[in-house]
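Visitor: Please find work-v3.pdb (PDB, C-alpha atoms and all ligand atoms) on the next line:
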ATOM      1  CA  MET A 550      16.435   0.589 -15.436
ATOM      2  CA  PRO A 551      13.930   3.478 -15.206
ATOM      3  CA  PRO A 552      15.182   6.779 -13.721
ATOM      4  CA  ARG A 553      14.951   6.912  -9.944
ATOM      5  CA  ILE A 554      15.122   9.642  -7.332
ATOM      6  CA  PRO A 555      16.400   8.286  -4.002
ATOM      7  CA  LEU A 556      13.915   8.872  -1.164
ATOM      8  CA  ILE A 557      14.123   5.866   1.157
ATOM      9  CA  LEU A 558      16.816   4.129   3.164
ATOM     10  CA  ALA A 559      17.049   0.763   1.411
ATOM     11  CA  PRO A 560      17.400  -2.054   2.114
ATOM     12  CA  THR A 561      14.905  -1.740   4.937
ATOM     13  CA  PRO A 562      15.553  -4.112   7.858
ATOM     14  CA  HIS A 563      14.450  -7.758   7.583
ATOM     15  CA  HIS A 564      14.619  -9.564  10.892
ATOM     16  CA  ARG A 565      13.190 -12.528  12.763
ATOM     17  CA  LEU A 566      10.322 -12.211  15.238
ATOM     18  CA  HIS A 567      11.487 -14.674  17.893
ATOM     19  CA  ARG A 568       8.595 -14.395  20.310
ATOM     20  CA  VAL A 569       5.839 -14.601  17.720
ATOM     21  CA  SER A 570       7.661 -17.449  15.928
ATOM     22  CA  GLU A 571       7.693 -19.495  19.112
ATOM     23  CA  ASP A 572       4.111 -18.601  19.917
ATOM     24  CA  LEU A 573       2.720 -19.499  16.473
ATOM     25  CA  GLY A 574       4.965 -22.401  15.504
ATOM     26  CA  ILE A 575       6.206 -20.736  12.315
ATOM     27  CA  ASP A 576       9.584 -19.202  11.439
ATOM     28  CA  LEU A 577       8.382 -15.620  11.141
ATOM     29  CA  TRP A 578      10.424 -12.723   9.781
ATOM     30  CA  ILE A 579       9.335  -9.156   9.178
ATOM     31  CA  LYS A 580      10.290  -6.780   6.361
ATOM     32  CA  ARG A 581      10.280  -3.301   7.789
ATOM     33  CA  ASP A 582       8.941  -1.017   5.084
ATOM     34  CA  ASP A 583       7.406   0.872   7.998
ATOM     35  CA  LEU A 584      11.000   2.058   8.507
ATOM     36  CA  THR A 585      11.885   3.528   5.120
ATOM     37  CA  GLY A 586      13.044   6.766   6.740
ATOM     38  CA  PHE A 587      10.886   8.774   4.345
ATOM     39  CA  ALA A 588       7.729  10.633   5.433
ATOM     40  CA  ILE A 589       7.034   8.293   8.400
ATOM     41  CA  GLY A 590       7.659   5.211   6.316
ATOM     42  CA  GLY A 591       5.430   2.912   4.297
ATOM     43  CA  ASN A 592       5.451   1.021   1.022
ATOM     44  CA  LYS A 593       4.616   4.074  -1.104
ATOM     45  CA  GLY A 594       8.126   5.514  -0.715
ATOM     46  CA  ARG A 595       9.510   2.749  -2.915
ATOM     47  CA  LYS A 596       7.035   3.459  -5.700
ATOM     48  CA  LEU A 597       7.630   7.201  -5.483
ATOM     49  CA  GLU A 598      11.336   6.853  -6.191
ATOM     50  CA  TYR A 599      10.452   5.691  -9.702
ATOM     51  CA  LEU A 600       7.305   7.790 -10.147
ATOM     52  CA  LEU A 601       9.195  10.977  -9.308
ATOM     53  CA  GLY A 602      12.186   9.916 -11.376
ATOM     54  CA  ASP A 603       9.867   9.730 -14.369
ATOM     55  CA  LEU A 604       8.008  12.996 -13.638
ATOM     56  CA  VAL A 605      11.225  14.943 -13.236
ATOM     57  CA  GLN A 606      12.735  13.462 -16.361
ATOM     58  CA  ARG A 607       9.660  14.477 -18.362
ATOM     59  CA  GLY A 608       9.532  17.974 -16.868
ATOM     60  CA  ILE A 609       6.066  17.581 -15.330
ATOM     61  CA  GLN A 610       5.180  20.599 -13.144
ATOM     62  CA  THR A 611       1.794  19.616 -11.725
ATOM     63  CA  VAL A 612       0.298  16.316 -10.587
ATOM     64  CA  VAL A 613      -3.232  15.311  -9.627
ATOM     65  CA  THR A 614      -4.061  12.251  -7.571
ATOM     66  CA  CYS A 615      -6.962  11.056  -5.430
ATOM     67  CA  GLY A 616      -7.668   8.831  -2.465
ATOM     68  CA  SER A 617      -9.127   8.782   1.014
ATOM     69  CA  THR A 618      -8.311  11.577   3.454
ATOM     70  CA  GLU A 619      -6.155   9.092   5.377
ATOM     71  CA  SER A 620      -4.288   7.932   2.257
ATOM     72  CA  ASN A 621      -0.688   7.015   2.997
ATOM     73  CA  PHE A 622       0.154   7.414  -0.664
ATOM     74  CA  VAL A 623      -1.057  11.020  -0.802
ATOM     75  CA  ARG A 624       0.987  11.926   2.289
ATOM     76  CA  GLN A 625       4.189  10.557   0.787
ATOM     77  CA  LEU A 626       3.495  11.834  -2.743
ATOM     78  CA  ALA A 627       2.992  15.357  -1.376
ATOM     79  CA  LEU A 628       6.443  15.456   0.218
ATOM     80  CA  ALA A 629       8.156  13.798  -2.734
ATOM     81  CA  CYS A 630       6.639  16.498  -4.965
ATOM     82  CA  ASP A 631       7.710  19.263  -2.566
ATOM     83  CA  MET A 632      11.267  17.944  -2.770
ATOM     84  CA  SER A 633      11.189  18.058  -6.570
ATOM     85  CA  GLY A 634       9.401  21.402  -6.954
ATOM     86  CA  ILE A 635       6.215  19.841  -8.354
ATOM     87  CA  GLU A 636       2.754  21.220  -7.519
ATOM     88  CA  CYS A 637       0.634  18.427  -6.046
ATOM     89  CA  HIS A 638      -3.178  18.292  -5.953
ATOM     90  CA  ALA A 639      -5.218  15.567  -4.250
ATOM     91  CA  VAL A 640      -8.957  15.002  -4.531
ATOM     92  CA  LEU A 641     -10.048  13.294  -1.318
ATOM     93  CA  MET A 642     -13.090  11.621   0.231
ATOM     94  CA  GLU A 643     -13.233  10.447   3.829
ATOM     95  CA  GLN A 644     -14.535   6.971   3.097
ATOM     96  CA  PRO A 645     -14.954   6.291  -0.632
ATOM     97  CA  PHE A 646     -16.754   3.036  -1.435
ATOM     98  CA  GLU A 647     -17.377   0.625  -4.279
ATOM     99  CA  GLU A 648     -20.914   0.647  -5.675
ATOM    100  CA  GLY A 649     -22.800  -2.084  -3.821
ATOM    101  CA  TYR A 650     -20.248  -2.303  -0.979
ATOM    102  CA  ARG A 651     -21.158   0.758   1.068
ATOM    103  CA  VAL A 652     -20.897   0.314   4.826
ATOM    104  CA  ALA A 653     -21.731   2.673   7.698
ATOM    105  CA  LYS A 654     -19.317   5.532   8.087
ATOM    106  CA  TRP A 655     -16.616   4.699  10.585
ATOM    107  CA  PRO A 656     -16.065   7.465  13.150
ATOM    108  CA  ARG A 657     -12.806   9.400  13.252
ATOM    109  CA  ILE A 658     -11.191  10.269  16.564
ATOM    110  CA  GLY A 659      -8.654  12.613  15.091
ATOM    111  CA  GLU A 660      -6.399  13.145  12.132
ATOM    112  CA  GLY A 661      -3.329  11.228  11.075
ATOM    113  CA  ASN A 662      -2.355  11.643   7.448
ATOM    114  CA  ARG A 663      -4.771  14.508   7.027
ATOM    115  CA  ARG A 664      -2.925  16.450   9.709
ATOM    116  CA  LEU A 665       0.473  15.656   8.201
ATOM    117  CA  ASN A 666      -0.760  16.753   4.769
ATOM    118  CA  ARG A 667      -1.096  20.292   6.109
ATOM    119  CA  LEU A 668       2.653  20.302   6.783
ATOM    120  CA  SER A 669       3.334  19.735   3.096
ATOM    121  CA  GLY A 670       2.617  21.863   0.062
ATOM    122  CA  LEU A 671      -0.318  19.621  -0.888
ATOM    123  CA  ILE A 672      -3.370  21.353  -2.361
ATOM    124  CA  THR A 673      -6.404  19.361  -1.217
ATOM    125  CA  HIS A 674      -9.871  19.214  -2.746
ATOM    126  CA  GLU A 675     -12.166  17.454  -0.279
ATOM    127  CA  LEU A 676     -15.464  16.007  -1.482
ATOM    128  CA  ALA A 677     -18.426  14.444   0.323
ATOM    129  CA  ASP A 678     -18.247  10.640   0.310
ATOM    130  CA  GLY A 679     -19.208   8.878  -2.893
ATOM    131  CA  THR A 680     -18.092   5.957  -5.025
ATOM    132  CA  TRP A 681     -14.539   5.374  -6.202
ATOM    133  CA  ASP A 682     -15.718   6.089  -9.748
ATOM    134  CA  GLU A 683     -17.028   9.487  -8.655
ATOM    135  CA  LEU A 684     -13.708  10.178  -6.993
ATOM    136  CA  PHE A 685     -11.744   9.210 -10.133
ATOM    137  CA  ALA A 686     -14.047  11.363 -12.263
ATOM    138  CA  ALA A 687     -13.543  14.370  -9.986
ATOM    139  CA  ALA A 688      -9.765  13.961 -10.259
ATOM    140  CA  GLY A 689     -10.154  13.816 -14.051
ATOM    141  CA  SER A 690     -12.149  17.072 -14.112
ATOM    142  CA  LEU A 691      -9.597  18.796 -11.924
ATOM    143  CA  SER A 692      -6.752  17.801 -14.274
ATOM    144  CA  ALA A 693      -8.759  19.072 -17.232
ATOM    145  CA  GLU A 694      -9.208  22.408 -15.451
ATOM    146  CA  LEU A 695      -5.500  22.690 -14.682
ATOM    147  CA  ILE A 696      -4.590  21.773 -18.260
ATOM    148  CA  ALA A 697      -6.981  24.477 -19.467
ATOM    149  CA  GLN A 698      -4.949  26.911 -17.338
ATOM    150  CA  GLY A 699      -1.929  25.954 -19.421
ATOM    151  CA  LYS A 700      -0.211  23.606 -16.958
ATOM    152  CA  ARG A 701       1.563  20.362 -17.831
ATOM    153  CA  VAL A 702      -0.344  17.907 -15.692
ATOM    154  CA  GLU A 703       0.124  14.232 -14.952
ATOM    155  CA  ASN A 704      -2.563  12.076 -13.325
ATOM    156  CA  ILE A 705      -1.077   9.778 -10.734
ATOM    157  CA  PRO A 706      -3.132   6.595 -10.322
ATOM    158  CA  ILE A 707      -4.491   5.743  -6.912
ATOM    159  CA  GLY A 708      -1.895   4.260  -4.580
ATOM    160  CA  GLY A 709       0.815   4.819  -7.192
ATOM    161  CA  SER A 710      -0.204   1.581  -8.885
ATOM    162  CA  CYS A 711       1.169   1.897 -12.396
ATOM    163  CA  ALA A 712       3.974  -0.042 -14.072
ATOM    164  CA  LEU A 713       6.658   2.023 -12.327
ATOM    165  CA  GLY A 714       5.071   1.509  -8.904
ATOM    166  CA  ALA A 715       4.983  -2.240  -9.485
ATOM    167  CA  TYR A 716       8.556  -2.102 -10.775
ATOM    168  CA  ALA A 717       9.667  -0.717  -7.409
ATOM    169  CA  PHE A 718       8.382  -3.878  -5.715
ATOM    170  CA  TYR A 719       9.791  -6.097  -8.431
ATOM    171  CA  GLU A 720      13.150  -4.630  -7.386
ATOM    172  CA  ALA A 721      12.381  -4.708  -3.645
ATOM    173  CA  ALA A 722      11.988  -8.487  -3.750
ATOM    174  CA  THR A 723      15.778  -8.796  -4.043
ATOM    175  CA  GLU A 724      15.930  -7.541  -0.430
ATOM    176  CA  VAL A 725      14.130 -10.645   0.875
ATOM    177  CA  THR A 726      15.502 -14.090   0.126
ATOM    178  CA  GLY A 727      14.879 -17.406   1.822
ATOM    179  CA  ALA A 728      11.191 -16.988   2.618
ATOM    180  CA  GLU A 729       8.817 -19.793   1.652
ATOM    181  CA  VAL A 730       5.879 -17.419   1.892
ATOM    182  CA  VAL A 731       5.618 -13.620   1.862
ATOM    183  CA  VAL A 732       2.414 -12.183   3.357
ATOM    184  CA  HIS A 733       1.427  -8.528   2.934
ATOM    185  CA  ALA A 734      -1.515  -6.119   2.848
ATOM    186  CA  SER A 735      -2.826  -5.581  -0.672
ATOM    187  CA  SER A 736      -5.020  -2.848  -2.093
ATOM    188  CA  SER A 737      -4.193  -1.003  -5.304
ATOM    189  CA  GLY A 738      -1.990  -3.875  -6.435
ATOM    190  CA  SER A 739       1.508  -2.717  -7.259
ATOM    191  CA  THR A 740       3.038  -4.269  -4.146
ATOM    192  CA  GLN A 741       1.530  -7.670  -4.888
ATOM    193  CA  VAL A 742       2.088  -7.550  -8.646
ATOM    194  CA  GLY A 743       5.730  -6.499  -8.296
ATOM    195  CA  LEU A 744       6.537  -9.103  -5.651
ATOM    196  CA  THR A 745       4.626 -11.889  -7.423
ATOM    197  CA  MET A 746       6.398 -11.213 -10.734
ATOM    198  CA  ALA A 747       9.769 -11.127  -8.976
ATOM    199  CA  TYR A 748       9.293 -14.410  -7.119
ATOM    200  CA  ARG A 749       7.632 -16.245 -10.010
ATOM    201  CA  GLY A 750       9.310 -19.606 -10.509
ATOM    202  CA  SER A 751      11.251 -19.364  -7.229
ATOM    203  CA  GLY A 752      10.614 -21.147  -3.945
ATOM    204  CA  THR A 753       8.817 -18.096  -2.555
ATOM    205  CA  ARG A 754       5.045 -17.752  -2.688
ATOM    206  CA  VAL A 755       3.275 -14.396  -2.217
ATOM    207  CA  ILE A 756      -0.047 -14.086  -0.383
ATOM    208  CA  GLY A 757      -1.777 -10.699  -0.515
ATOM    209  CA  ILE A 758      -4.391 -10.004   2.129
ATOM    210  CA  SER A 759      -6.961  -7.761   0.489
ATOM    211  CA  CYS A 760      -8.046  -4.608   2.283
ATOM    212  CA  ASP A 761     -10.824  -3.993  -0.280
ATOM    213  CA  PRO A 762     -13.849  -6.259  -0.752
ATOM    214  CA  GLU A 763     -14.436  -6.097  -4.517
ATOM    215  CA  PRO A 764     -13.588  -9.248  -6.504
ATOM    216  CA  ALA A 765     -12.885  -7.233  -9.688
ATOM    217  CA  LEU A 766      -9.629  -6.101  -8.080
ATOM    218  CA  LEU A 767      -7.942  -9.175  -9.465
ATOM    219  CA  ASP A 768      -8.603  -8.073 -13.062
ATOM    220  CA  ASP A 769      -6.916  -4.726 -12.324
ATOM    221  CA  PHE A 770      -3.918  -6.621 -10.934
ATOM    222  CA  VAL A 771      -3.680  -8.770 -14.067
ATOM    223  CA  SER A 772      -3.734  -5.719 -16.294
ATOM    224  CA  LEU A 773      -1.163  -3.963 -14.106
ATOM    225  CA  SER A 774       1.090  -7.018 -14.427
ATOM    226  CA  ALA A 775       0.867  -6.737 -18.223
ATOM    227  CA  ASP A 776       2.086  -3.120 -17.956
ATOM    228  CA  LEU A 777       4.964  -4.158 -15.708
ATOM    229  CA  GLY A 778       5.674  -7.050 -18.070
ATOM    230  CA  GLN A 779       6.061  -4.624 -20.920
ATOM    231  CA  LEU A 780       8.536  -2.554 -18.915
ATOM    232  CA  ILE A 781      10.716  -5.540 -17.947
ATOM    233  CA  GLN A 782      10.036  -7.591 -21.090
ATOM    234  CA  ARG A 783       8.480 -10.561 -19.326
ATOM    235  CA  PRO A 784       5.032 -12.049 -19.653
ATOM    236  CA  GLY A 785       2.402 -10.649 -17.304
ATOM    237  CA  LEU A 786       0.451 -12.683 -14.763
ATOM    238  CA  VAL A 787      -2.798 -14.614 -15.119
ATOM    239  CA  ARG A 788      -5.438 -14.660 -12.380
ATOM    240  CA  SER A 789      -4.244 -17.974 -10.956
ATOM    241  CA  ASP A 790      -0.720 -16.568 -10.426
ATOM    242  CA  LEU A 791      -2.142 -14.079  -7.917
ATOM    243  CA  ASP A 792      -3.012 -15.284  -4.431
ATOM    244  CA  LEU A 793      -5.311 -12.591  -3.052
ATOM    245  CA  ARG A 794      -7.346 -13.416   0.065
ATOM    246  CA  TYR A 795     -10.570 -11.568   0.740
ATOM    247  CA  GLU A 796     -11.633 -13.159   4.009
ATOM    248  CA  PHE A 797      -9.911 -10.625   6.263
ATOM    249  CA  VAL A 798     -11.361  -7.381   4.838
ATOM    250  CA  GLY A 799     -13.960  -7.134   7.612
ATOM    251  CA  GLU A 800     -16.790  -4.706   6.868
ATOM    252  CA  GLY A 801     -15.033  -2.893   4.077
ATOM    253  CA  TYR A 802     -12.245  -0.629   2.900
ATOM    254  CA  GLY A 803     -11.177   1.938   5.462
ATOM    255  CA  VAL A 804     -13.061   0.277   8.299
ATOM    256  CA  PRO A 805     -10.982  -1.310  11.081
ATOM    257  CA  SER A 806     -11.884  -4.948  11.937
ATOM    258  CA  PRO A 807     -11.976  -6.605  15.380
ATOM    259  CA  GLU A 808      -9.498  -9.267  14.158
ATOM    260  CA  GLY A 809      -7.172  -6.534  12.917
ATOM    261  CA  ASP A 810      -7.476  -4.716  16.194
ATOM    262  CA  HIS A 811      -6.497  -7.909  18.030
ATOM    263  CA  ALA A 812      -3.542  -8.446  15.672
ATOM    264  CA  LEU A 813      -2.390  -4.864  16.183
ATOM    265  CA  ARG A 814      -2.343  -5.184  19.980
ATOM    266  CA  TYR A 815      -0.747  -8.635  19.786
ATOM    267  CA  LEU A 816       2.223  -7.591  17.626
ATOM    268  CA  ALA A 817       2.740  -4.392  19.615
ATOM    269  CA  GLN A 818       2.737  -6.254  22.924
ATOM    270  CA  THR A 819       4.881  -9.208  21.832
ATOM    271  CA  GLU A 820       7.454  -7.478  19.624
ATOM    272  CA  GLY A 821       7.066  -3.708  20.140
ATOM    273  CA  ILE A 822       5.969  -3.122  16.557
ATOM    274  CA  TYR A 823       2.852  -1.156  15.616
ATOM    275  CA  LEU A 824       0.625  -1.963  12.650
ATOM    276  CA  ASP A 825      -1.973   0.341  11.065
ATOM    277  CA  PRO A 826      -5.711  -0.382  11.380
ATOM    278  CA  ILE A 827      -6.640  -0.135   7.658
ATOM    279  CA  TYR A 828      -4.027  -2.324   5.970
ATOM    280  CA  SER A 829      -1.235  -4.027   7.878
ATOM    281  CA  ALA A 830      -3.335  -5.031  10.915
ATOM    282  CA  LYS A 831      -5.803  -6.856   8.658
ATOM    283  CA  ALA A 832      -2.896  -8.527   6.867
ATOM    284  CA  PHE A 833      -1.368  -9.632  10.153
ATOM    285  CA  ALA A 834      -4.766 -10.921  11.289
ATOM    286  CA  GLY A 835      -4.732 -13.012   8.106
ATOM    287  CA  LEU A 836      -1.262 -14.294   8.922
ATOM    288  CA  LEU A 837      -2.350 -15.259  12.456
ATOM    289  CA  ASP A 838      -5.236 -17.238  11.016
ATOM    290  CA  LEU A 839      -3.194 -18.934   8.264
ATOM    291  CA  SER A 840      -0.441 -19.858  10.735
ATOM    292  CA  LYS A 841      -2.842 -22.469  12.170
ATOM    293  CA  ASN A 842      -2.897 -24.438   8.942
ATOM    294  CA  GLU A 843      -1.241 -23.568   5.636
ATOM    295  CA  LEU A 844       1.661 -21.570   7.101
ATOM    296  CA  ALA A 845       2.361 -24.030   9.960
ATOM    297  CA  GLY A 846       6.075 -24.820  10.277
ATOM    298  CA  LYS A 847       6.975 -22.579   7.309
ATOM    299  CA  ARG A 848       9.492 -19.806   6.960
ATOM    300  CA  VAL A 849       7.327 -16.742   6.452
ATOM    301  CA  THR A 850       8.081 -13.051   5.924
ATOM    302  CA  PHE A 851       5.437 -10.537   6.868
ATOM    303  CA  TRP A 852       6.012  -7.484   4.682
ATOM    304  CA  HIS A 853       5.097  -4.506   6.887
ATOM    305  CA  THR A 854       3.743  -1.853   4.520
ATOM    306  CA  GLY A 855       3.591   0.992   7.066
ATOM    307  CA  GLY A 856       0.560   3.267   7.435
ATOM    308  CA  LEU A 857       1.190   4.303  11.021
ATOM    309  CA  PRO A 858      -0.347   7.822  10.891
ATOM    310  CA  ALA A 859      -3.815   6.239  10.524
ATOM    311  CA  LEU A 860      -3.455   5.010  14.124
ATOM    312  CA  PHE A 861      -4.248   8.566  15.196
ATOM    313  CA  ALA A 862      -7.385   8.885  13.075
ATOM    314  CA  PHE A 863      -9.411   5.789  13.943
ATOM    315  CA  PRO A 864     -10.790   4.641  17.279
TER     316      PRO A 864
HETATM  317  C1  LIG B 901      -1.100   1.445   0.093
HETATM  318  C2  LIG B 901      -0.897   0.548   1.234
HETATM  319  C3  LIG B 901      -0.968  -0.844   1.085
HETATM  320  C4  LIG B 901      -1.341  -1.520  -0.191
HETATM  321  O1  LIG B 901      -0.328  -1.452  -1.163
HETATM  322  P1  LIG B 901      -0.751  -1.516  -2.697
HETATM  323  O2  LIG B 901       0.515  -1.506  -3.438
HETATM  324  O3  LIG B 901      -1.591  -0.298  -2.932
HETATM  325  O4  LIG B 901      -1.571  -2.743  -2.884
HETATM  326  C5  LIG B 901      -0.725  -1.629   2.191
HETATM  327  N1  LIG B 901      -0.435  -1.079   3.375
HETATM  328  C6  LIG B 901      -0.359   0.248   3.563
HETATM  329  C7  LIG B 901      -0.044   0.756   4.908
HETATM  330  C8  LIG B 901      -0.588   1.107   2.497
HETATM  331  O5  LIG B 901      -0.516   2.435   2.694
END
How would this structure read if it were set down as structure tokens?
Ligand SMILES: *Cc1c(COP(=O)(O)O)cnc(C)c1O
Guide:
Amino acid sequence: MPPRIPLILAPTPHHRLHRVSEDLGIDLWIKRDDLTGFAIGGNKGRKLEYLLGDLVQRGIQTVVTCGSTESNFVRQLALACDMSGIECHAVLMEQPFEEGYRVAKWPRIGEGNRRLNRLSGLITHELADGTWDELFAAAGSLSAELIAQGKRVENIPIGGSCALGAYAFYEAATEVTGAEVVVHASSSGSTQVGLTMAYRGSGTRVIGISCDPEPALLDDFVSLSADLGQLIQRPGLVRSDLDLRYEFVGEGYGVPSPEGDHALRYLAQTEGIYLDPIYSAKAFAGLLDLSKNELAGKRVTFWHTGGLPALFAFP
């Protein structure tokens, strides 16, 4: 087992949603990774336990990552680094986009993660919006600069999606048994890859609801699964092992959707549980839609991946 630094309160709760179950005609449970107890919760805390375990073991002093200004990963990485005495840099864009998938800039009404980042030791480098590739390149140049200053620097991939991040979800799957289907928000891939590898060959199917529009995502997931496979000495996944649904993305990454907005209000008003507009609300909108046909009558777990600070940033 890779080295781990404890950050979250695991296992997170897994409980039935009685009202929604009755309403939708499915046996719906929810996995509360919004309640990890670390940095306002969210799925990134699990990955960071292993990422930080590795950084500390290797004596890394400085890390560089990138993402959107409302990145939930950056918020949690910043605090995990503070706790371990690691200097953390993040290169950020408000609404990065994939070449060919640019949509109108969504207005901000305030700050969620960006505000919280100022309460951590995070060193931010904010850029004007551009493509994801431009963002990755800028993070690469920053690391090169820091290395030139004589620092030992590690680049942390976006969303913490490396073998260790996926490993965290491979482990997390042991906290949820008995589900026929697990539904969750998917983006950089380690949540879906870890869960899918863990449940492979069992009676549990994993459906990831994509929060990004680009079809090439699936190739990244396959290659990530090969990296995880190497770590746990199992074969990786092929494309057909991964069930990633694109029809609930809406206009694009980082842009709330009307269906997500409806799902967010619905779950809050029926069960007292908030979703976030960028990830989990779109995933729950997907679940609401699928409950009419392929999930009907099934025992389903919705894996709540957190993201609540973004509620304060988007209208
Ligand atoms: C990062 C994130 C996801 C996606 O998880 P990945 O492992 O990156 O696919 C889903 N929901 C929320 C709230 C997130 O912050």
Visitor: What does the PyMOL selection byres (((chain A and resi 673-689) around 7) and not hetatm) select in this file, as number ranges by chain?
Guide: A: 613-615, 638-648, 671-672, 690-693
Visitor: Distance CA of Leu793 (chain A)-CA of Ser735 (chain A), one decimal place?
Guide: 7.8 Å
Visitor: Smallest atom-to-atom distance to ligand LIG 901 (chain B): which of A:Ser620, A:Ser840, A:Thr753, A:Ser737, using only C-alpha atoms and all ligand atoms?
Guide: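 When distances to ligand LIG 901 (chain B) are compared using only C-alpha atoms and all ligand atoms, the smallest one comes from A:Ser737.
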Visitor: Would you kindly return, as a ChimeraX atom specification, each protein, DNA or RNA residue with an atom no farther than 7 Å from any atom of region 626-630 of chain A, considering all atoms listed in the file and excluding same-chain residues fewer than 5 positions away?
Guide: /A:597,635-637,669-671
Visitor: Using only C-alpha atoms and all ligand atoms, what are the residues with an atom within 6 Å of ligand LIG 901 (chain B), set out as a PyMOL selection string?
Guide: chain A and resi 591+621+708+734-740+828-829+854-856
Visitor: From the options A:Asp776, A:Arg814, A:Ser759, A:Asn704, which residue's atoms come nearest to Gln610 (chain A), counting all atoms listed in the file?
Guide: A:Asn704
Visitor: Restricting the calculation to all atoms listed in the file: of A:Leu839, A:Ala832, A:Ala721, A:Ala845, which residue gets closest to His733 (chain A)?
Guide: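 Using all atoms listed in the file, the shortest distance to His733 (chain A) belongs to A:Ala832.
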Visitor: With only C-alpha atoms as the atoms that count, which of A:Pro706, A:Pro805, A:Gly757, A:Pro762 lies nearest to Val730 (chain A)?
Guide: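 Using only C-alpha atoms, Val730 (chain A) sits closest to A:Gly757.
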